[in-house]
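Participant: The structure's right below; bear with me while I get my questions together.
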Amino acid sequence: MNLNILYEDEEILVVEKPAGLESQSARSFEPDMISEVKKHIHTLSTKPVPPYVGVIHRLDKPVGGVMVYAKTKQAADVLSRQVSGHEMKKVYTAVVCGKPVENSGTYVDYLWKDGKNNCSEIVDKGIKDGKLAELFFRVVDSRKNGEEEYSLLEIILKTGRHHQIRVQMAGHGTPLWGDRKYNPGFQEGPARGNVALFASSLTFSHPVTKKKMTYEAEAKGKGFEMFQALTLK
């Protein structure tokens, strides 16, 4: 596969992850981003040792978008501290079924991860292992397709929890288009593609130069087509 590389130097690599690909090493024989990034670095390097690739953050397999990987352990440490300190800004584009009550707002919930079934759910504050989850959303557009209403949202993550956007949007009555795990309307019948969620912008400080960097990519996937088609008219 051809990686869509947005930026690269000796310390980091910024790349667009395609939907349907694991963002870290896969347990199966299917391709994953780590393997593809290592292949890319190996073709450019004259060093005999295997290239180092540090995972800084993750995207769910059915989600595409902008990611940054570290090419040195030092860069990985610095970028990881930015993530844990909420200094890395992640902006997502999503299509949801329905429309939020407000055109913009903040959702603050507590999420509990069910590791056995690889899912998360909203729980009451104080529940053991429940973690604070916060995001900001803004309705960019909404329209009806027959009797169904869909909304295009911009979402900014304040925290990074397991399946956070998917769980919180579903929990507040507007599940993501195409989400077979959290949207009841997509759990029956044949698979309809990937989830309409895309990491469209990533902002962080370079681990060495400290320069603030922002990289963007246009949301792709079947769920976004209804809005993209109207934009072109």
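Lettering and numbering for the structure tokens are positional, with chains as A, B, ... in the shown order, residues counted from 1 in each chain, and ligands counted from 1 in the shown order.
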What's around A:Glu11 at 7 Å? Count only C-alpha atoms, leave out sequence neighbours fewer than 2 positions away in its own chain, and write the answer as an MDAnalysis selection string.
Facilitator: chainID A and resid 9 70:72 75
Participant: Write down as JSON, numbers by chain the residues of stretch 36-206 of chain A whose backbone DSSP state falls under strand (DSSP E).
Facilitator: {"A": [54, 55, 64, 65, 66, 67, 68, 69, 70, 89, 90, 91, 92, 93, 94, 95, 96, 97, 104, 105, 106, 107, 108, 109, 110, 111, 112, 113, 114, 119, 120, 121, 122, 123, 131, 132, 133, 134, 135, 136, 137, 138, 139, 140, 141, 142, 143, 144, 145, 148, 149, 150, 151, 152, 153, 154, 155, 156, 157, 197, 198, 199, 200, 201, 202, 203, 204, 205]}
Participant: From the set A:Gly178, A:Glu134, A:Asp141, A:Ile165, which residue has the shortest atom-to-atom contact distance to A:His86, counting only C-alpha atoms?
Facilitator: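 For A:His86, the nearest of the given residues is A:Glu134.
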Participant: Could you give me, as a Markdown table, a per-residue list for stretch 6-72 of chain A showing, wherever an atom lies at most 8 Å from an atom of stretch 201-215 of chain A, the closest pair of atoms and their distance in Å to one decimal, using only C-alpha atoms and sorting by chain then residue number from low to high?
Facilitator:
```
| residue | atom | partner | partner_atom | distance |
| --- | --- | --- | --- | --- |
| A:Leu6 | CA | A:Tyr215 | CA | 7.1 |
| A:Glu11 | CA | A:Pro207 | CA | 7.6 |
| A:Val14 | CA | A:Tyr215 | CA | 7.9 |
| A:Gly65 | CA | A:Ser201 | CA | 7.9 |
| A:Val66 | CA | A:Ser201 | CA | 6.4 |
| A:Met67 | CA | A:Leu202 | CA | 7.3 |
```
Participant: So that I have them on file, write out the residues from the current selection with N, CA and C atoms, as a PDB file, in the first residue's frame.
Facilitator:
```pdb
ATOM      1  N   LEU A   6       2.184  12.975   5.421  1.00  0.00           N
ATOM      2  CA  LEU A   6       1.966  14.415   5.480  1.00  0.00           C
ATOM      3  C   LEU A   6       3.219  15.170   5.897  1.00  0.00           C
ATOM      4  N   GLU A  11      12.843  12.542  13.427  1.00  0.00           N
ATOM      5  CA  GLU A  11      12.220  12.260  14.721  1.00  0.00           C
ATOM      6  C   GLU A  11      10.796  11.718  14.630  1.00  0.00           C
ATOM      7  N   VAL A  14       4.273  11.888  10.234  1.00  0.00           N
ATOM      8  CA  VAL A  14       2.835  12.181  10.288  1.00  0.00           C
ATOM      9  C   VAL A  14       2.208  11.569   9.051  1.00  0.00           C
ATOM     10  N   GLY A  65      -7.700   8.664   9.497  1.00  0.00           N
ATOM     11  CA  GLY A  65      -7.330  10.023   9.837  1.00  0.00           C
ATOM     12  C   GLY A  65      -5.860  10.233  10.125  1.00  0.00           C
ATOM     13  N   VAL A  66      -5.542  11.432  10.602  1.00  0.00           N
ATOM     14  CA  VAL A  66      -4.165  11.875  10.805  1.00  0.00           C
ATOM     15  C   VAL A  66      -3.582  11.289  12.096  1.00  0.00           C
ATOM     16  N   MET A  67      -2.395  10.726  11.989  1.00  0.00           N
ATOM     17  CA  MET A  67      -1.690  10.179  13.139  1.00  0.00           C
ATOM     18  C   MET A  67      -0.223  10.593  13.089  1.00  0.00           C
TER      19      MET A  67
END
```
Participant: Distance table requested - stretch 56-154 of chain A against stretch 168-171 of chain A, cut-off 10 Å, only C-alpha atoms: one row per qualifying residue with the closest atom pair and its distance in Å to one decimal, ordered by chain and rising residue number, as CSV.
Facilitator:
```
residue,atom,partner,partner_atom,distance
A:Ala94,CA,A:Met169,CA,9.9
A:Val96,CA,A:Met169,CA,7.8
A:Cys97,CA,A:Ala170,CA,9.1
A:Pro100,CA,A:Met169,CA,9.0
A:Tyr107,CA,A:Gln168,CA,7.4
A:Val108,CA,A:Gln168,CA,8.6
A:Asp109,CA,A:Gln168,CA,7.5
A:Tyr110,CA,A:Gln168,CA,9.4
A:Leu111,CA,A:Gln168,CA,8.6
A:Ser120,CA,A:Gln168,CA,9.6
A:Glu121,CA,A:Gly171,CA,8.1
A:Ile122,CA,A:Gly171,CA,7.0
A:Ala133,CA,A:Gln168,CA,8.3
A:Glu134,CA,A:Gln168,CA,8.8
A:Leu135,CA,A:Gln168,CA,8.6
A:Phe137,CA,A:Met169,CA,9.6
```
Participant: Once you have the residues from the selection above, write them out as an mmCIF file, in the first residue's frame, restricted to N, CA and C atoms.
Facilitator:
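This is the output file part-v8.cif:
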```cif
data_model
loop_
_atom_site.group_PDB
_atom_site.id
_atom_site.type_symbol
_atom_site.label_atom_id
_atom_site.label_comp_id
_atom_site.auth_asym_id
_atom_site.auth_seq_id
_atom_site.Cartn_x
_atom_site.Cartn_y
_atom_site.Cartn_z
ATOM 1 N N ALA A 94 -17.364 13.794 12.052
ATOM 2 C CA ALA A 94 -18.220 12.621 12.222
ATOM 3 C C ALA A 94 -19.587 12.871 11.601
ATOM 4 N N VAL A 96 -23.445 11.620 12.352
ATOM 5 C CA VAL A 96 -24.266 10.920 13.333
ATOM 6 C C VAL A 96 -25.690 10.793 12.825
ATOM 7 N N CYS A 97 -26.394 9.813 13.342
ATOM 8 C CA CYS A 97 -27.806 9.615 13.021
ATOM 9 C C CYS A 97 -28.631 10.470 13.984
ATOM 10 N N PRO A 100 -28.020 16.532 17.498
ATOM 11 C CA PRO A 100 -27.952 16.915 18.911
ATOM 12 C C PRO A 100 -28.967 18.005 19.240
ATOM 13 N N TYR A 107 -19.886 17.272 26.229
ATOM 14 C CA TYR A 107 -20.376 16.075 26.921
ATOM 15 C C TYR A 107 -19.313 15.653 27.943
ATOM 16 N N VAL A 108 -19.742 15.495 29.184
ATOM 17 C CA VAL A 108 -18.865 15.023 30.245
ATOM 18 C C VAL A 108 -19.503 13.775 30.846
ATOM 19 N N ASP A 109 -18.842 12.651 30.707
ATOM 20 C CA ASP A 109 -19.365 11.371 31.187
ATOM 21 C C ASP A 109 -18.244 10.583 31.848
ATOM 22 N N TYR A 110 -18.628 9.451 32.428
ATOM 23 C CA TYR A 110 -17.659 8.496 32.947
ATOM 24 C C TYR A 110 -17.830 7.201 32.159
ATOM 25 N N LEU A 111 -16.726 6.686 31.634
ATOM 26 C CA LEU A 111 -16.766 5.491 30.801
ATOM 27 C C LEU A 111 -16.081 4.332 31.504
ATOM 28 N N SER A 120 -17.079 -0.191 25.515
ATOM 29 C CA SER A 120 -17.151 0.680 26.681
ATOM 30 C C SER A 120 -18.586 1.145 26.855
ATOM 31 N N GLU A 121 -18.908 1.629 28.049
ATOM 32 C CA GLU A 121 -20.250 2.136 28.307
ATOM 33 C C GLU A 121 -20.198 3.278 29.304
ATOM 34 N N ILE A 122 -21.214 4.141 29.242
ATOM 35 C CA ILE A 122 -21.321 5.254 30.176
ATOM 36 C C ILE A 122 -21.837 4.731 31.513
ATOM 37 N N ALA A 133 -14.577 11.217 30.817
ATOM 38 C CA ALA A 133 -14.504 11.381 29.365
ATOM 39 C C ALA A 133 -15.179 12.690 28.995
ATOM 40 N N GLU A 134 -14.462 13.532 28.277
ATOM 41 C CA GLU A 134 -14.995 14.849 27.924
ATOM 42 C C GLU A 134 -14.679 15.163 26.467
ATOM 43 N N LEU A 135 -15.672 15.693 25.754
ATOM 44 C CA LEU A 135 -15.477 16.129 24.381
ATOM 45 C C LEU A 135 -16.347 17.337 24.095
ATOM 46 N N PHE A 137 -18.443 19.276 20.905
ATOM 47 C CA PHE A 137 -18.962 19.031 19.561
ATOM 48 C C PHE A 137 -19.598 20.300 19.003
#
```
Participant: Show which residues sit within 10 Å of stretch 49-53 of chain A, as a list of chain:residue names. Count only C-alpha atoms, and ignore same-chain residues fewer than 2 positions away.
Facilitator: A:Glu11, A:Ile12, A:Leu13, A:Gln24, A:Met33, A:Ile34, A:Ser35, A:Val37, A:Lys38, A:Lys39, A:His40, A:Ile41, A:His42, A:Ser45, A:Thr46, A:Lys47, A:Val55, A:Ile56, A:Tyr69, A:Ala70, A:Lys71, A:Thr72, A:Lys73, A:Ala76
Participant: With C-alpha atoms retained, export the selected residues as a PDB file, in the first residue's frame.
Facilitator:
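What follows is the written file part-v9.pdb:
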```pdb
ATOM      1  CA  GLU A  11      12.220  12.260  14.721  1.00  0.00           C
ATOM      2  CA  ILE A  12       8.613  11.848  13.612  1.00  0.00           C
ATOM      3  CA  LEU A  13       6.327  10.736  10.821  1.00  0.00           C
ATOM      4  CA  GLN A  24      -0.722  -0.560  15.992  1.00  0.00           C
ATOM      5  CA  MET A  33       0.160   0.797  10.323  1.00  0.00           C
ATOM      6  CA  ILE A  34       3.259  -0.171  12.297  1.00  0.00           C
ATOM      7  CA  SER A  35       4.304  -2.686   9.653  1.00  0.00           C
ATOM      8  CA  VAL A  37       5.535   2.591   8.526  1.00  0.00           C
ATOM      9  CA  LYS A  38       8.496   0.291   9.218  1.00  0.00           C
ATOM     10  CA  LYS A  39       8.545  -0.781   5.560  1.00  0.00           C
ATOM     11  CA  HIS A  40       8.596   2.847   4.489  1.00  0.00           C
ATOM     12  CA  ILE A  41      11.432   3.806   6.856  1.00  0.00           C
ATOM     13  CA  HIS A  42      13.419   0.715   5.903  1.00  0.00           C
ATOM     14  CA  SER A  45      17.368   3.974   5.584  1.00  0.00           C
ATOM     15  CA  THR A  46      20.825   2.511   5.153  1.00  0.00           C
ATOM     16  CA  LYS A  47      20.978   1.317   8.767  1.00  0.00           C
ATOM     17  CA  VAL A  55       2.919   4.480  18.942  1.00  0.00           C
ATOM     18  CA  ILE A  56       1.825   7.814  20.443  1.00  0.00           C
ATOM     19  CA  TYR A  69       4.433   8.162  14.995  1.00  0.00           C
ATOM     20  CA  ALA A  70       7.795   8.613  16.692  1.00  0.00           C
ATOM     21  CA  LYS A  71      10.978   7.428  14.975  1.00  0.00           C
ATOM     22  CA  THR A  72      13.096   7.650  18.155  1.00  0.00           C
ATOM     23  CA  LYS A  73      12.434   6.721  21.778  1.00  0.00           C
ATOM     24  CA  ALA A  76       8.102   9.055  21.724  1.00  0.00           C
TER      25      ALA A  76
END
```
Participant: Hey, what's within 12 Å of A:Ser200 if we count only C-alpha atoms and toss same-chain stuff fewer than 6 positions away? As a VMD selection string, please?
Facilitator: chain A and resid 15 to 18 59 63 to 67 89 to 94 153 to 156 214 to 220
Participant: Considering only C-alpha atoms, can you say which of A:Thr43, A:Ser23, A:Thr159, A:Gln228 comes closest to A:Thr106?
Facilitator: A:Thr159
Participant: Just the number, please: distance in Å from atom CA of A:Met88 to atom CA of A:Asp60, one decimal.
Facilitator: 17.8 Å
